[in-house]
Amino acid sequence: ILMVDEKGKNMKCLTFFLMLPETVKNRSKKSSKKGNSSSSSNSKLPPVCYEIITLKTKKKKKMAADIFPRKKPATTNTTAVQQYHQQNLNNNNTIPAPNWQGLYPTIRERNAVMFNNDLMADVHFVVGPPGGTQRLPGHKYVLAVGSSVFHAMFYGELAEDKDEIRIPDVEPAAFLAMLKYIYCDEIDLAADTVLATLYAAKKYIVPHLARACVNFLETSLSAKNACVLLSQSCLFEEPDLTQRCWEVIDAQAELALKSEGFCDIDFQTLESILRRETLNAKEIVVFEAALNWAEVECQRQELMATIENKRKVLGKALYLIRIPTMALDDFANGAAQSGILTLNETNDIFLWYTAAKKPELQFVSKPRKGLVPQRCHRFQSCAYRSNQWRYRGRCDSIQFAVDKRVFIAGFGLYGSSCGSAEYSAKIELKRQGVILGQNLSKYFSDGSSNTFPVWFEYPVQIEPDTFYTASVILDGNELSYFGQEGMTEVQCGKVTVQFQCSSDSTNGTGVQGGQIPELIFYA
């Protein structure tokens, strides 16, 4: 066989020896005898058949992505793709149009079409508690590739050949989020389902999705949800998340204890919070939070929310509240009249406050250590002049950013340079124009160059690598000390603070000099 390429050049010449059946051989012998006389000149040469085959030059193999480069698809294809995605979200389970594979250039996109799709499904899941179930299709091979639990379920030694599997302990939305990750390699998390999704990812051992859930929770962590997340992080054995939760609860304890989420925690988490040594809260706030939890717990246990039942559900946790460390007014007007204490307990605690010989108490009588605030001082020196620093309702402002999460508790401010004086201070903390914290208070300066703390009502959580604006409007003695030789970057413990000028400042404060010499924070 003579082979040539497209340009007509010879490439190969191959000879094939054919093994013919005996009948064909015999016939060929007879025909050759009859034709000896007429073909004597060619009798020594066998008949040759030439066939010319045109071959294309061999090229390098291409992958699907090379053959079908990602382009903006035509209008008709775009509509079809959107239709299939919407179908998967709505679980319509309609059969795709013929040749739907041609719409998707990569295996990842074609695989994603199977997400929540009945097409070729070989298993179904009935997900959710009774009365709130949803039937979802699945494909064993895809699921087994994405999860070792599914692999054992479908292909392991103890695999059961079931067409329908019931999963009552996982929410349908969370299960769908996990399937979307397995099928589409996409992580789609929402604040109201992320905990349930984390549970599903842990149950079916999908570690990368679980890590994404934890990261989502850490970035959305606040005083409102810190107690609930603390409970869940212990359940899911996520120590990093647990530590972050404790940081928020310690620094913003009063906000955390007053949140609705505090009443949703389990008894073990309640005990750990009440036992916390670094809880930065007044003890009367801790006491009131425990009573609120007890009332909700009575409802969970289908009990009447009476004083007796509240004390019953609190159990020994009641004695973790450090009632003897309360201010006397807080105890007399609060805990003593709550009814939760017995008459003997109330009398003994009053004696603890007043008597020289104090009675023994079951309650912890040692005050909590709380948190020690840190101070970031941004000036290297301070000064005063006869014509500075004046206050006439104008704003002193500076912008700052940190490299670690901290909680701003207040500002340190300069006072009068002309003897003792009282100032009224309106402090404010903003991020991109949004007020995160503010307070109006007074402070007394003794005429020295020291700084005087002014506090927010609650510490304000500050995220890293974002600039915030600290502002103050002072009303008082016009002449005060002011800072100079300001620094653009200050290392305060393990926290690095950067400063820059603020356009809100109308009284002369900037990086190099002015007011707001200190940031007071917890880290």
# chains A, B, ... in the order shown; residues from 1 in each chain; ligands from 1
>>> residues_around(residues="Gln491 in chain A", least_positions_apart="2", cutoff="12 Å", atoms="only C-alpha atoms", output="ChimeraX atom specification")
/A:374-378,401-404,487-489,493-499
>>> write_last_selection(atoms="N, CA, C and O atoms", output="mmCIF file, in the first residue's frame")
data_model
loop_
_atom_site.group_PDB
_atom_site.id
_atom_site.type_symbol
_atom_site.label_atom_id
_atom_site.label_comp_id
_atom_site.auth_asym_id
_atom_site.auth_seq_id
_atom_site.Cartn_x
_atom_site.Cartn_y
_atom_site.Cartn_z
ATOM 1 N N GLN A 374 -4.846 48.091 76.808
ATOM 2 C CA GLN A 374 -3.556 48.545 76.301
ATOM 3 C C GLN A 374 -3.713 49.957 75.739
ATOM 4 O O GLN A 374 -4.789 50.327 75.280
ATOM 5 N N ARG A 375 -2.615 50.706 75.765
ATOM 6 C CA ARG A 375 -2.652 52.091 75.278
ATOM 7 C C ARG A 375 -1.608 52.266 74.182
ATOM 8 O O ARG A 375 -0.428 51.954 74.390
ATOM 9 N N CYS A 376 -2.063 52.760 73.056
ATOM 10 C CA CYS A 376 -1.173 53.068 71.942
ATOM 11 C C CYS A 376 -0.972 54.573 71.897
ATOM 12 O O CYS A 376 -1.891 55.322 71.552
ATOM 13 N N HIS A 377 0.236 55.020 72.266
ATOM 14 C CA HIS A 377 0.554 56.456 72.307
ATOM 15 C C HIS A 377 1.297 56.824 71.024
ATOM 16 O O HIS A 377 2.343 56.258 70.725
ATOM 17 N N ARG A 378 0.764 57.803 70.289
ATOM 18 C CA ARG A 378 1.297 58.092 68.952
ATOM 19 C C ARG A 378 2.211 59.318 68.889
ATOM 20 O O ARG A 378 2.754 59.614 67.825
ATOM 21 N N ALA A 401 -5.273 52.200 61.392
ATOM 22 C CA ALA A 401 -5.525 50.816 60.980
ATOM 23 C C ALA A 401 -4.627 49.903 61.800
ATOM 24 O O ALA A 401 -3.530 50.293 62.222
ATOM 25 N N VAL A 402 -5.093 48.682 62.045
ATOM 26 C CA VAL A 402 -4.328 47.698 62.828
ATOM 27 C C VAL A 402 -4.110 46.449 61.986
ATOM 28 O O VAL A 402 -4.803 46.222 60.992
ATOM 29 N N ASP A 403 -3.149 45.627 62.400
ATOM 30 C CA ASP A 403 -2.868 44.393 61.658
ATOM 31 C C ASP A 403 -3.471 43.161 62.319
ATOM 32 O O ASP A 403 -3.346 42.050 61.800
ATOM 33 N N LYS A 404 -4.130 43.352 63.468
ATOM 34 C CA LYS A 404 -4.825 42.260 64.150
ATOM 35 C C LYS A 404 -6.141 42.786 64.693
ATOM 36 O O LYS A 404 -6.284 43.988 64.941
ATOM 37 N N MET A 487 4.016 59.851 65.100
ATOM 38 C CA MET A 487 4.543 58.695 64.365
ATOM 39 C C MET A 487 3.453 58.119 63.463
ATOM 40 O O MET A 487 2.291 58.043 63.858
ATOM 41 N N THR A 488 3.858 57.704 62.273
ATOM 42 C CA THR A 488 2.898 57.101 61.333
ATOM 43 C C THR A 488 2.650 55.632 61.657
ATOM 44 O O THR A 488 1.636 55.075 61.239
ATOM 45 N N GLU A 489 3.567 55.002 62.387
ATOM 46 C CA GLU A 489 3.410 53.584 62.744
ATOM 47 C C GLU A 489 3.922 53.357 64.150
ATOM 48 O O GLU A 489 5.004 53.816 64.512
ATOM 49 N N GLY A 493 2.712 46.162 71.805
ATOM 50 C CA GLY A 493 2.616 44.731 72.083
ATOM 51 C C GLY A 493 2.737 43.945 70.779
ATOM 52 O O GLY A 493 3.702 44.096 70.027
ATOM 53 N N LYS A 494 1.754 43.108 70.505
ATOM 54 C CA LYS A 494 1.742 42.316 69.276
ATOM 55 C C LYS A 494 0.945 42.981 68.156
ATOM 56 O O LYS A 494 0.755 42.399 67.101
ATOM 57 N N VAL A 495 0.490 44.201 68.404
ATOM 58 C CA VAL A 495 -0.360 44.910 67.443
ATOM 59 C C VAL A 495 0.410 46.077 66.833
ATOM 60 O O VAL A 495 1.031 46.868 67.557
ATOM 61 N N THR A 496 0.373 46.179 65.511
ATOM 62 C CA THR A 496 0.965 47.312 64.811
ATOM 63 C C THR A 496 -0.149 48.259 64.380
ATOM 64 O O THR A 496 -1.110 47.832 63.730
ATOM 65 N N VAL A 497 -0.006 49.536 64.740
ATOM 66 C CA VAL A 497 -1.023 50.543 64.429
ATOM 67 C C VAL A 497 -0.431 51.557 63.464
ATOM 68 O O VAL A 497 0.666 52.087 63.704
ATOM 69 N N GLN A 498 -1.151 51.832 62.379
ATOM 70 C CA GLN A 498 -0.748 52.846 61.410
ATOM 71 C C GLN A 498 -1.696 54.034 61.497
ATOM 72 O O GLN A 498 -2.903 53.858 61.715
ATOM 73 N N PHE A 499 -1.146 55.250 61.326
ATOM 74 C CA PHE A 499 -1.944 56.470 61.397
ATOM 75 C C PHE A 499 -1.820 57.258 60.102
ATOM 76 O O PHE A 499 -0.765 57.246 59.454
#
>>> select_by_dssp(residues="range 173-398 of chain A", states="strand (DSSP E or B)", output="count of residues only")
15
>>> residues_around(residues="range 394-398 of chain A", least_positions_apart="4", cutoff="9 Å", atoms="only C-alpha atoms", output="ChimeraX atom specification")
/A:468-474,499-511,514-516
>>> write_last_selection(atoms="N, CA and C atoms", output="PDB file, in the first residue's frame")
ATOM      1  N   TYR A 468      -9.960  53.175  60.094  1.00  0.00           N
ATOM      2  CA  TYR A 468     -11.083  53.697  60.873  1.00  0.00           C
ATOM      3  C   TYR A 468     -10.780  55.148  61.245  1.00  0.00           C
ATOM      4  N   THR A 469     -11.828  55.919  61.539  1.00  0.00           N
ATOM      5  CA  THR A 469     -11.670  57.326  61.879  1.00  0.00           C
ATOM      6  C   THR A 469     -12.056  57.555  63.337  1.00  0.00           C
ATOM      7  N   ALA A 470     -11.106  58.045  64.116  1.00  0.00           N
ATOM      8  CA  ALA A 470     -11.350  58.405  65.514  1.00  0.00           C
ATOM      9  C   ALA A 470     -11.517  59.922  65.602  1.00  0.00           C
ATOM     10  N   SER A 471     -12.621  60.359  66.232  1.00  0.00           N
ATOM     11  CA  SER A 471     -12.931  61.790  66.286  1.00  0.00           C
ATOM     12  C   SER A 471     -13.352  62.188  67.691  1.00  0.00           C
ATOM     13  N   VAL A 472     -13.112  63.457  68.020  1.00  0.00           N
ATOM     14  CA  VAL A 472     -13.562  64.004  69.293  1.00  0.00           C
ATOM     15  C   VAL A 472     -13.879  65.488  69.106  1.00  0.00           C
ATOM     16  N   ILE A 473     -14.951  65.932  69.747  1.00  0.00           N
ATOM     17  CA  ILE A 473     -15.300  67.356  69.817  1.00  0.00           C
ATOM     18  C   ILE A 473     -15.301  67.729  71.297  1.00  0.00           C
ATOM     19  N   LEU A 474     -14.403  68.622  71.673  1.00  0.00           N
ATOM     20  CA  LEU A 474     -14.227  68.997  73.071  1.00  0.00           C
ATOM     21  C   LEU A 474     -14.858  70.353  73.359  1.00  0.00           C
ATOM     22  N   PHE A 499      -1.146  55.250  61.326  1.00  0.00           N
ATOM     23  CA  PHE A 499      -1.944  56.470  61.397  1.00  0.00           C
ATOM     24  C   PHE A 499      -1.820  57.258  60.102  1.00  0.00           C
ATOM     25  N   GLN A 500      -2.915  57.932  59.749  1.00  0.00           N
ATOM     26  CA  GLN A 500      -2.886  58.867  58.629  1.00  0.00           C
ATOM     27  C   GLN A 500      -3.894  59.977  58.909  1.00  0.00           C
ATOM     28  N   CYS A 501      -3.715  61.107  58.218  1.00  0.00           N
ATOM     29  CA  CYS A 501      -4.577  62.268  58.448  1.00  0.00           C
ATOM     30  C   CYS A 501      -6.004  61.985  57.993  1.00  0.00           C
ATOM     31  N   SER A 502      -6.950  62.669  58.626  1.00  0.00           N
ATOM     32  CA  SER A 502      -8.368  62.506  58.314  1.00  0.00           C
ATOM     33  C   SER A 502      -8.939  63.817  57.773  1.00  0.00           C
ATOM     34  N   SER A 503      -9.757  63.694  56.750  1.00  0.00           N
ATOM     35  CA  SER A 503     -10.402  64.888  56.184  1.00  0.00           C
ATOM     36  C   SER A 503     -11.472  65.439  57.120  1.00  0.00           C
ATOM     37  N   ASP A 504     -11.880  64.676  58.138  1.00  0.00           N
ATOM     38  CA  ASP A 504     -12.882  65.147  59.102  1.00  0.00           C
ATOM     39  C   ASP A 504     -12.286  66.124  60.110  1.00  0.00           C
ATOM     40  N   SER A 505     -10.960  66.180  60.183  1.00  0.00           N
ATOM     41  CA  SER A 505     -10.316  67.011  61.188  1.00  0.00           C
ATOM     42  C   SER A 505     -10.354  68.479  60.764  1.00  0.00           C
ATOM     43  N   THR A 506     -11.040  69.294  61.566  1.00  0.00           N
ATOM     44  CA  THR A 506     -11.174  70.724  61.251  1.00  0.00           C
ATOM     45  C   THR A 506     -10.523  71.610  62.308  1.00  0.00           C
ATOM     46  N   ASN A 507      -9.832  70.972  63.275  1.00  0.00           N
ATOM     47  CA  ASN A 507      -9.231  71.761  64.350  1.00  0.00           C
ATOM     48  C   ASN A 507      -7.711  71.641  64.377  1.00  0.00           C
ATOM     49  N   GLY A 508      -7.142  71.057  63.320  1.00  0.00           N
ATOM     50  CA  GLY A 508      -5.682  71.023  63.215  1.00  0.00           C
ATOM     51  C   GLY A 508      -5.029  69.703  63.565  1.00  0.00           C
ATOM     52  N   THR A 509      -5.754  68.748  64.117  1.00  0.00           N
ATOM     53  CA  THR A 509      -5.143  67.465  64.475  1.00  0.00           C
ATOM     54  C   THR A 509      -4.772  66.681  63.224  1.00  0.00           C
ATOM     55  N   GLY A 510      -3.566  66.110  63.234  1.00  0.00           N
ATOM     56  CA  GLY A 510      -3.092  65.275  62.141  1.00  0.00           C
ATOM     57  C   GLY A 510      -2.110  64.254  62.655  1.00  0.00           C
ATOM     58  N   VAL A 511      -1.334  63.685  61.754  1.00  0.00           N
ATOM     59  CA  VAL A 511      -0.368  62.667  62.161  1.00  0.00           C
ATOM     60  C   VAL A 511       0.745  63.297  62.990  1.00  0.00           C
ATOM     61  N   GLY A 514      -1.347  67.354  67.534  1.00  0.00           N
ATOM     62  CA  GLY A 514      -2.747  67.617  67.834  1.00  0.00           C
ATOM     63  C   GLY A 514      -3.275  66.809  69.003  1.00  0.00           C
ATOM     64  N   GLN A 515      -4.575  66.541  68.967  1.00  0.00           N
ATOM     65  CA  GLN A 515      -5.261  65.816  70.032  1.00  0.00           C
ATOM     66  C   GLN A 515      -5.324  64.312  69.713  1.00  0.00           C
ATOM     67  N   ILE A 516      -6.093  63.590  70.531  1.00  0.00           N
ATOM     68  CA  ILE A 516      -6.245  62.120  70.475  1.00  0.00           C
ATOM     69  C   ILE A 516      -4.864  61.462  70.474  1.00  0.00           C
TER      70      ILE A 516
END
>>> closest_atom_pairs(of="range 307-408 of chain A", to="range 413-416 of chain A", cutoff="10 Å", atoms="only C-alpha atoms", output="Markdown table")
| residue | atom | partner | partner_atom | distance |
| --- | --- | --- | --- | --- |
| A:Cys382 | CA | A:Tyr414 | CA | 9.2 |
| A:Tyr384 | CA | A:Ser416 | CA | 9.2 |
| A:Trp389 | CA | A:Ser416 | CA | 9.1 |
>>> select_by_dssp(residues="range 273-368 of chain A", states="alpha helix (DSSP H)", output="number ranges by chain")
A: 273-274, 283-300, 307-314, 328-333, 343-354
>>> residues_around(residues="His139 in chain A", least_positions_apart="2", cutoff="9 Å", atoms="only C-alpha atoms", output="MDAnalysis selection string")
chainID A and resid 114:115 118 120:124 137 141:144
>>> write_last_selection(atoms="C-alpha atoms", output="short mmCIF file (atom, residue, chain, number, x, y, z; two decimals), in the first residue's frame")
data_model
loop_
_atom_site.label_atom_id
_atom_site.label_comp_id
_atom_site.auth_asym_id
_atom_site.auth_seq_id
_atom_site.Cartn_x
_atom_site.Cartn_y
_atom_site.Cartn_z
CA MET A 114 -25.77 17.14 37.06
CA PHE A 115 -26.07 19.09 40.33
CA ASP A 118 -32.61 13.78 38.00
CA MET A 120 -28.88 9.77 35.15
CA ALA A 121 -29.42 9.97 38.95
CA ASP A 122 -28.89 6.56 40.59
CA VAL A 123 -29.70 7.55 44.17
CA HIS A 124 -32.07 9.95 45.94
CA PRO A 137 -31.21 13.45 43.34
CA TYR A 141 -19.79 8.23 41.29
CA VAL A 142 -19.66 12.02 41.69
CA LEU A 143 -20.53 11.83 45.38
CA ALA A 144 -17.96 9.09 46.05
#
>>> residues_around(residues="Phe287 in chain A", least_positions_apart="4", cutoff="7 Å", atoms="only C-alpha atoms", output="number ranges by chain")
A: 283, 291, 321
>>> atom_distance(atom1="CA of Gln380 in chain A", atom2="CA of Ser445 in chain A")
20.4 Å
>>> closest_atom_pairs(of="range 122-206 of chain A", to="range 214-230 of chain A", cutoff="12 Å", atoms="only C-alpha atoms", output="CSV")
residue,atom,partner,partner_atom,distance
A:Ile187,CA,A:Phe216,CA,10.7
A:Asp188,CA,A:Phe216,CA,10.6
A:Leu189,CA,A:Phe216,CA,7.9
A:Ala190,CA,A:Phe216,CA,8.9
A:Ala191,CA,A:Leu217,CA,8.2
A:Asp192,CA,A:Leu217,CA,10.9
A:Thr193,CA,A:Leu217,CA,10.9
A:Val194,CA,A:Leu217,CA,7.6
A:Leu195,CA,A:Leu217,CA,8.3
A:Ala196,CA,A:Val214,CA,11.7
A:Thr197,CA,A:Val214,CA,10.2
A:Leu198,CA,A:Val214,CA,7.6
A:Tyr199,CA,A:Val214,CA,10.8
A:Ala201,CA,A:Val214,CA,10.9
A:Lys202,CA,A:Val214,CA,11.2
>>> write_last_selection(atoms="C-alpha atoms", output="PDB file, in the first residue's frame")
ATOM      1  CA  ILE A 187     -18.723  27.434  47.811  1.00  0.00           C
ATOM      2  CA  ASP A 188     -22.012  29.212  48.400  1.00  0.00           C
ATOM      3  CA  LEU A 189     -22.496  30.104  52.069  1.00  0.00           C
ATOM      4  CA  ALA A 190     -25.126  32.199  53.813  1.00  0.00           C
ATOM      5  CA  ALA A 191     -25.221  33.511  57.378  1.00  0.00           C
ATOM      6  CA  ASP A 192     -28.422  31.639  58.253  1.00  0.00           C
ATOM      7  CA  THR A 193     -27.232  28.231  56.965  1.00  0.00           C
ATOM      8  CA  VAL A 194     -23.464  28.244  57.476  1.00  0.00           C
ATOM      9  CA  LEU A 195     -23.610  26.360  60.794  1.00  0.00           C
ATOM     10  CA  ALA A 196     -25.817  23.669  59.275  1.00  0.00           C
ATOM     11  CA  THR A 197     -23.484  23.486  56.281  1.00  0.00           C
ATOM     12  CA  LEU A 198     -20.513  23.069  58.614  1.00  0.00           C
ATOM     13  CA  TYR A 199     -22.347  20.193  60.306  1.00  0.00           C
ATOM     14  CA  ALA A 201     -19.356  19.015  55.839  1.00  0.00           C
ATOM     15  CA  LYS A 202     -18.107  17.494  59.090  1.00  0.00           C
TER      16      LYS A 202
END
>>> residues_around(residues="range 431-438 of chain A", least_positions_apart="3", cutoff="8 Å", atoms="only C-alpha atoms", output="PyMOL selection string")
chain A and resi 426-428+456-458+460+467-469
>>> residues_around(residues="Glu171 in chain A", least_positions_apart="5", cutoff="9 Å", atoms="only C-alpha atoms", output="list in words")
Val127, Gly128, Pro129, Gly132, Thr133, Leu176, Thr193, Ala196, Thr197 and Ala200 of chain A
>>> atom_distance(atom1="CA of Pro239 in chain A", atom2="CA of Leu318 in chain A")
27.0 Å
>>> closest_residue(among="A:Val145, A:Ala152, A:Leu371, A:Ala212", to="Ile182 in chain A", atoms="only C-alpha atoms")
A:Val145
